[in-house]
>>> print(open('upload-v9.txt').read())   # compact mmCIF, C-alpha atoms
# COMPACT_ATOMS: atom_id res chain seq x y z
CA MET A 1 7.74 20.97 -2.15
CA ALA A 2 9.43 17.60 -2.61
CA ARG A 3 7.18 14.57 -2.63
CA GLU A 4 7.84 11.93 -0.01
CA ILE A 5 6.13 9.13 1.84
CA LYS A 6 5.51 10.03 5.48
CA PHE A 7 5.27 7.34 8.14
CA ARG A 8 4.43 7.36 11.85
CA LYS A 9 4.99 4.17 13.80
CA GLY A 10 1.80 2.76 15.24
CA VAL A 11 -0.34 5.16 13.22
CA GLY A 12 0.13 4.77 9.47
CA ALA A 13 1.60 6.25 6.32
CA VAL A 14 0.61 8.80 3.66
CA GLY A 15 1.75 9.78 0.19
CA THR A 16 0.76 11.34 -3.12
CA ILE A 17 0.90 9.51 -6.46
CA VAL A 18 1.77 11.58 -9.53
CA GLN A 19 1.98 9.56 -12.73
CA THR A 20 1.85 9.96 -16.50
CA CYS A 21 2.63 6.35 -17.40
CA GLU A 22 -0.64 4.64 -18.35
CA GLU A 23 0.71 1.10 -18.58
CA THR A 24 -1.29 -1.47 -16.62
CA LEU A 25 0.43 -2.68 -13.46
CA TYR A 26 -0.37 -6.34 -12.90
CA ASN A 27 -0.67 -8.41 -9.74
CA LEU A 28 0.22 -5.68 -7.24
CA ALA A 29 0.06 -6.73 -3.61
CA VAL A 30 -1.85 -4.42 -1.25
CA ALA A 31 -0.90 -5.51 2.25
CA ASP A 32 -2.06 -2.57 4.38
CA PRO A 33 -5.62 -1.25 4.80
CA CYS A 34 -5.72 2.05 2.91
CA LEU A 35 -7.88 4.78 1.41
CA ILE A 36 -7.06 6.25 -1.99
CA MET A 37 -8.50 9.63 -2.96
CA VAL A 38 -8.34 10.29 -6.72
CA GLU A 39 -7.76 13.98 -7.48
CA LEU A 40 -6.98 14.07 -11.22
CA GLY A 41 -7.59 11.38 -13.83
CA THR A 42 -9.09 7.92 -13.44
CA LYS A 43 -7.96 4.74 -11.71
CA LYS A 44 -9.13 1.51 -13.35
CA MET A 45 -8.65 -1.48 -11.11
CA THR A 46 -9.58 -5.13 -10.92
CA SER A 47 -9.43 -7.35 -7.86
CA GLY A 48 -10.45 -10.94 -8.34
CA ASP A 49 -13.60 -10.93 -10.46
CA SER A 50 -14.53 -7.33 -9.57
CA GLY A 51 -13.70 -4.23 -11.58
CA TYR A 52 -13.67 -0.61 -10.43
CA GLU A 53 -13.38 2.78 -12.12
CA ILE A 54 -12.51 5.54 -9.68
CA ARG A 55 -12.71 9.05 -11.09
CA SER A 56 -11.71 12.46 -9.77
CA SER A 57 -13.35 13.25 -6.39
CA GLN A 58 -14.07 9.58 -5.81
CA ALA A 59 -12.30 7.25 -3.40
CA LEU A 60 -11.44 3.60 -2.89
CA ALA A 61 -10.96 1.80 0.42
CA ILE A 62 -9.00 -1.46 0.51
CA TRP A 63 -9.45 -3.28 3.81
CA ASN A 64 -7.93 -6.71 3.37
CA THR A 65 -4.88 -8.19 1.67
CA VAL A 66 -5.51 -8.37 -2.07
CA TYR A 67 -3.74 -8.56 -5.40
CA ILE A 68 -4.87 -5.98 -7.95
CA ASP A 69 -4.35 -4.97 -11.57
CA VAL A 70 -4.42 -1.19 -11.97
CA THR A 71 -4.18 1.43 -14.72
CA ASN A 72 -3.84 5.10 -13.79
CA ILE A 73 -5.18 7.26 -16.62
CA LYS A 74 -4.10 10.87 -17.07
CA ALA A 75 -6.47 13.82 -16.80
CA ASP A 76 -6.54 16.65 -19.34
CA ALA A 77 -3.83 18.31 -17.25
CA GLY A 78 -1.45 15.63 -18.52
CA PHE A 79 -1.01 13.50 -15.41
CA TYR A 80 -2.81 11.33 -12.89
CA GLN A 81 -2.79 12.34 -9.22
CA ALA A 82 -4.12 10.70 -6.10
CA SER A 83 -3.44 10.87 -2.38
CA TRP A 84 -3.39 7.78 -0.19
CA ILE A 85 -3.39 6.98 3.50
CA ALA A 86 -2.69 3.60 5.10
CA TRP A 87 -3.60 2.54 8.62
CA ASP A 88 -1.29 0.72 10.97
CA ARG A 89 -2.90 -2.69 11.50
CA GLU A 90 -2.73 -2.49 15.29
CA LEU A 91 -4.54 0.86 15.30
CA LEU A 92 -7.19 -0.55 13.00
CA ALA A 93 -7.49 -3.69 15.11
CA LYS A 94 -8.11 -1.56 18.22
CA TYR A 95 -10.85 0.30 16.39
CA THR A 96 -12.44 -2.96 15.23
CA LEU A 97 -12.31 -4.40 18.75
CA GLY A 98 -14.04 -1.34 20.23
CA ARG A 99 -16.81 -0.98 17.65
CA THR A 100 -20.23 -2.56 17.91
CA ALA A 101 -20.82 -5.06 15.15
CA ARG A 102 -23.73 -4.24 12.86
CA LYS A 103 -26.22 -6.59 11.28
CA THR A 104 -25.33 -5.04 7.93
CA ASP A 105 -21.61 -5.83 8.36
CA SER A 106 -20.15 -7.86 5.51
CA LYS A 107 -16.59 -8.63 4.59
CA ARG A 108 -15.54 -6.57 1.59
CA ASP A 109 -11.92 -6.41 0.55
CA VAL A 110 -12.53 -3.33 -1.62
CA VAL A 111 -15.14 -0.56 -1.30
CA HIS A 112 -15.69 2.05 -4.03
CA ILE A 113 -16.85 5.43 -2.71
CA PRO A 114 -18.56 7.14 -5.69
CA LYS A 115 -18.62 10.59 -4.09
CA ALA A 116 -16.00 11.97 -1.75
CA ASP A 117 -17.93 14.87 -0.22
CA LEU A 118 -16.43 17.83 1.61
CA VAL A 119 -16.72 16.13 5.00
CA LEU A 120 -14.79 13.08 3.84
CA LYS A 121 -12.18 15.21 2.07
CA ASP A 122 -11.66 17.37 5.15
CA THR A 123 -11.44 14.39 7.49
CA PHE A 124 -9.01 12.73 5.09
CA ARG A 125 -6.90 15.93 4.95
CA ARG A 126 -6.76 16.15 8.74
CA ALA A 127 -5.66 12.53 9.00
CA VAL A 128 -2.94 13.12 6.39
CA GLU A 129 -1.72 16.18 8.31
CA GLY A 130 -1.69 14.13 11.50
CA ILE A 131 0.92 11.85 10.00
CA ALA A 132 2.80 14.37 7.85
CA ASP A 133 3.15 17.02 10.58
CA GLU A 134 5.69 15.56 12.98
CA THR A 135 5.16 18.44 15.43
CA LEU A 136 1.73 17.03 16.27
CA PRO A 137 1.66 14.53 19.16
CA VAL A 138 1.27 10.92 18.03
CA GLU A 139 -1.95 10.73 20.09
CA ILE A 140 -3.47 13.44 17.88
CA ALA A 141 -2.38 11.58 14.74
CA SER A 142 -3.97 8.38 16.06
CA HIS A 143 -7.16 10.23 16.94
CA ARG A 144 -7.43 11.69 13.44
CA MET A 145 -6.89 8.30 11.83
CA THR A 146 -9.60 6.85 14.07
CA GLU A 147 -11.87 9.77 13.20
CA LEU A 148 -11.49 8.86 9.52
CA LEU A 149 -12.41 5.26 10.33
CA LEU A 150 -15.49 6.42 12.24
CA LEU A 151 -16.65 8.49 9.28
CA LEU A 152 -16.14 5.66 6.79
CA ASP A 153 -17.96 3.32 9.17
CA SER A 154 -20.91 5.72 9.44
CA MET A 155 -21.02 5.86 5.62
CA GLY A 156 -21.25 2.05 5.42
CA CYS A 157 -17.81 1.91 3.81
CA PHE A 158 -15.97 -0.01 6.53
CA SER A 159 -15.30 -3.74 6.38
CA PRO A 160 -14.28 -6.07 9.20
CA LEU A 161 -10.71 -7.32 8.78
CA ASP A 162 -9.69 -10.87 8.01
CA ALA A 163 -9.23 -12.74 11.27
CA ASP A 164 -6.28 -14.72 9.97
CA ILE A 165 -3.60 -13.32 7.64
CA PRO A 166 -1.67 -15.90 5.58
CA LEU A 167 1.96 -16.39 6.54
CA SER A 168 3.18 -15.13 3.15
CA TRP A 169 1.49 -11.76 3.74
CA LYS A 170 3.01 -11.50 7.22
CA LEU A 171 6.40 -12.28 5.70
CA ARG A 172 5.82 -9.72 2.93
CA LYS A 173 5.08 -7.07 5.55
CA MET A 174 8.24 -7.91 7.47
CA LEU A 175 10.44 -7.78 4.37
CA ASP A 176 8.87 -4.48 3.34
CA THR A 177 10.14 -2.79 6.51
CA GLU A 178 13.74 -3.17 5.28
CA PRO A 179 13.76 -4.04 1.56
CA SER A 180 17.46 -3.21 1.20
CA ARG A 181 18.50 -5.65 3.93
CA LYS A 182 20.36 -8.83 3.02
CA TRP A 183 17.70 -11.08 4.47
CA ARG A 184 18.61 -14.58 5.63
CA ILE A 185 16.23 -17.45 6.21
CA SER A 186 17.30 -17.44 9.87
CA ASP A 187 15.95 -13.88 10.23
CA MET A 188 12.56 -15.08 9.05
CA THR A 189 12.42 -18.24 11.15
CA ARG A 190 13.38 -16.27 14.27
CA GLU A 191 10.63 -13.71 13.62
CA PHE A 192 7.92 -16.35 13.24
CA GLY A 193 9.24 -18.81 15.81
CA MET A 194 9.40 -21.82 13.51
CA SER A 195 12.02 -24.02 11.92
CA GLU A 196 13.28 -23.46 8.39
CA SER A 197 11.60 -26.64 7.18
CA THR A 198 8.26 -25.56 8.67
CA LEU A 199 8.53 -22.07 7.17
CA ARG A 200 9.34 -23.43 3.72
CA ARG A 201 6.59 -26.06 3.94
CA ARG A 202 3.93 -23.53 4.90
CA LEU A 203 4.99 -21.14 2.16
CA THR A 204 4.99 -24.01 -0.35
CA GLU A 205 1.39 -24.70 0.66
CA GLU A 206 0.65 -21.13 -0.44
CA ASN A 207 2.66 -21.67 -3.63
CA ILE A 208 5.17 -19.02 -2.50
CA ASN A 209 8.92 -19.02 -3.20
CA ILE A 210 10.91 -16.98 -0.66
CA SER A 211 13.39 -15.57 -3.17
CA GLU A 212 10.65 -14.56 -5.60
CA LEU A 213 8.64 -13.00 -2.76
CA LEU A 214 11.60 -10.87 -1.66
CA THR A 215 12.16 -9.69 -5.23
CA ASP A 216 8.49 -8.77 -5.60
CA VAL A 217 8.54 -6.87 -2.29
CA ARG A 218 11.55 -4.89 -3.50
CA MET A 219 9.99 -4.12 -6.88
CA SER A 220 6.70 -3.10 -5.26
CA LYS A 221 8.59 -0.75 -2.93
CA ALA A 222 10.49 0.66 -5.91
CA LEU A 223 7.22 1.34 -7.74
CA ALA A 224 5.79 3.13 -4.69
CA LEU A 225 8.92 5.29 -4.42
CA LEU A 226 8.74 6.15 -8.12
CA GLN A 227 5.08 7.13 -7.79
CA SER A 228 5.14 8.97 -4.47
CA THR A 229 8.62 10.48 -4.07
CA ASP A 230 11.15 12.49 -6.04
CA MET A 231 14.03 10.12 -5.28
CA THR A 232 16.40 9.45 -8.15
CA VAL A 233 16.39 6.02 -9.76
CA THR A 234 19.87 5.44 -8.34
CA ARG A 235 18.65 6.20 -4.82
CA ILE A 236 15.59 3.99 -5.26
CA ALA A 237 17.81 1.14 -6.42
CA SER A 238 19.88 1.51 -3.25
CA GLU A 239 16.78 1.78 -1.05
CA THR A 240 15.54 -1.55 -2.42
CA GLY A 241 18.78 -3.49 -2.06
CA TYR A 242 20.51 -3.00 -5.41
CA ASP A 243 24.04 -1.61 -5.65
CA CYS A 244 23.97 -1.96 -9.44
CA VAL A 245 21.43 0.33 -11.14
CA SER A 246 21.46 -1.69 -14.37
CA ARG A 247 20.59 -4.87 -12.47
CA PHE A 248 17.82 -3.03 -10.64
CA THR A 249 16.49 -1.66 -13.94
CA ALA A 250 16.49 -5.12 -15.50
CA ARG A 251 14.57 -6.57 -12.53
CA PHE A 252 12.07 -3.73 -12.60
CA ARG A 253 11.48 -4.12 -16.33
CA GLN A 254 11.09 -7.87 -15.93
CA ARG A 255 8.45 -7.30 -13.25
CA PHE A 256 6.46 -4.43 -14.79
CA GLY A 257 7.31 -4.38 -18.50
CA PHE A 258 8.97 -0.95 -18.59
CA THR A 259 12.02 0.70 -17.04
CA PRO A 260 12.04 3.02 -14.02
CA SER A 261 13.41 5.82 -16.23
CA ALA A 262 10.63 5.36 -18.75
CA PHE A 263 8.11 5.55 -15.95
CA ARG A 264 9.66 8.79 -14.72
CA GLY A 265 10.78 10.22 -18.04
CA GLN A 266 7.27 10.62 -19.39
CA ARG A 267 6.41 13.12 -16.63
>>> encode(input="upload-v9.txt", output="structure tokens")
Amino acid sequence: MAREIKFRKGVGAVGTIVQTCEETLYNLAVADPCLIMVELGTKKMTSGDSGYEIRSSQALAIWNTVYIDVTNIKADAGFYQASWIAWDRELLAKYTLGRTARKTDSKRDVVHIPKADLVLKDTFRRAVEGIADETLPVEIASHRMTELLLLLDSMGCFSPLDADIPLSWKLRKMLDTEPSRKWRISDMTREFGMSESTLRRRLTEENINISELLTDVRMSKALALLQSTDMTVTRIASETGYDCVSRFTARFRQRFGFTPSAFRGQR
């Protein structure tokens, strides 16, 4: 069966990473709350000053916007494999609003789950099916995603979300919805209800350049498509706004240090 990223509006997205390339991927932006279940191999990851090593049958929850460095190491089978699920922020916000705060609550951007037991694996699988199976009503998919949140919360693996998301992350999320679009500054100012000068000033305060941000969003999307789908490199280039494959390849290599074909060709 062909690999693909499945998405349901208002619910979330799911996918499977299959990778043999063991090069470290630096400064990757994780914008959506997600749970990664490692199935084969080991994920080594750093976020800020914290390091994590997630092995087979372990999991990692990322709740808030972070930049990470990650290396996916192959298992004896010759490849690394993991499944991931990402929550729609509005669904997660509804869950957060309805839960009772606990005295033990603490903000944690990343939570390592050292043992993914059968209950967690089964709940994860049901949530994945809720998104992947389009014949299921969206209400069922939402319920299953909430069920997964409830389980993680009961395990002490849930973290309250950041109350305020920086403008650059909101912009990144918007650009990611249509990475192939020829975005104009007017599209962005209209979305956020501010003037061009205000938008540029606020992004400058975050040390963000709009053009560089758009390029990084496109390259991050390209990496996700290489990892989690069977799309050709030519198709991925088109999906991320590049009519010229050689230009896309050059951008990708500049960003990650290797070509898309090298990433795929080692599989």
>>> residues_around(input="upload-v9.txt", residues="range 185-191 of chain A", least_positions_apart="4", cutoff="10 Å", atoms="only C-alpha atoms", output="list in words")
Leu171, Met174, Leu175, Ser195, Glu196, Ser197, Thr198, Leu199, Arg200, Ile210 and Ser211 of chain A
>>> atom_distance(input="upload-v9.txt", atom1="CA of Thr232 in chain A", atom2="CA of Glu4 in chain A")
12.1 Å
>>> closest_atom_pairs(input="upload-v9.txt", of="range 115-234 of chain A", to="range 47-56 of chain A", cutoff="12 Å", atoms="all atoms listed in the file", output="JSON lines")
{"residue": "A:Lys115", "atom": "CA", "partner": "A:Ser56", "partner_atom": "CA", "distance": 9.1}
{"residue": "A:Ala116", "atom": "CA", "partner": "A:Ser56", "partner_atom": "CA", "distance": 9.1}
{"residue": "A:Asp117", "atom": "CA", "partner": "A:Ser56", "partner_atom": "CA", "distance": 11.6}
>>> residues_around(input="upload-v9.txt", residues="Arg218 in chain A", least_positions_apart="6", cutoff="8 Å", atoms="only C-alpha atoms", output="ChimeraX atom specification")
/A:176,179-180,240-241
>>> atom_distance(input="upload-v9.txt", atom1="CA of Lys173 in chain A", atom2="CA of Glu206 in chain A")
15.9 Å
>>> residues_around(input="upload-v9.txt", residues="Thr229 in chain A", least_positions_apart="4", cutoff="10 Å", atoms="all atoms listed in the file", output="ChimeraX atom specification")
/A:2-5,15-18,223-225,236
>>> closest_residue(input="upload-v9.txt", among="A:Leu35, A:Ile113, A:Met219, A:Ile68", to="Ala13 in chain A", atoms="all atoms listed in the file")
A:Leu35
>>> residues_around(input="upload-v9.txt", residues="Arg201 in chain A", least_positions_apart="6", cutoff="12 Å", atoms="all atoms listed in the file", output="number ranges by chain")
A: 167-168, 194-195, 207-210
>>> closest_residue(input="upload-v9.txt", among="A:Arg253, A:Lys170, A:Arg235, A:Lys121", to="Ala59 in chain A", atoms="all atoms listed in the file")
A:Lys121
>>> atom_distance(input="upload-v9.txt", atom1="CA of Phe124 in chain A", atom2="CA of Glu139 in chain A")
16.7 Å
>>> closest_residue(input="upload-v9.txt", among="A:Thr123, A:Asp243, A:Leu149, A:Arg255", to="Tyr26 in chain A", atoms="only C-alpha atoms")
A:Arg255
>>> closest_residue(input="upload-v9.txt", among="A:Val30, A:Gln254, A:Leu118, A:Tyr67", to="Thr215 in chain A", atoms="all atoms listed in the file")
A:Gln254
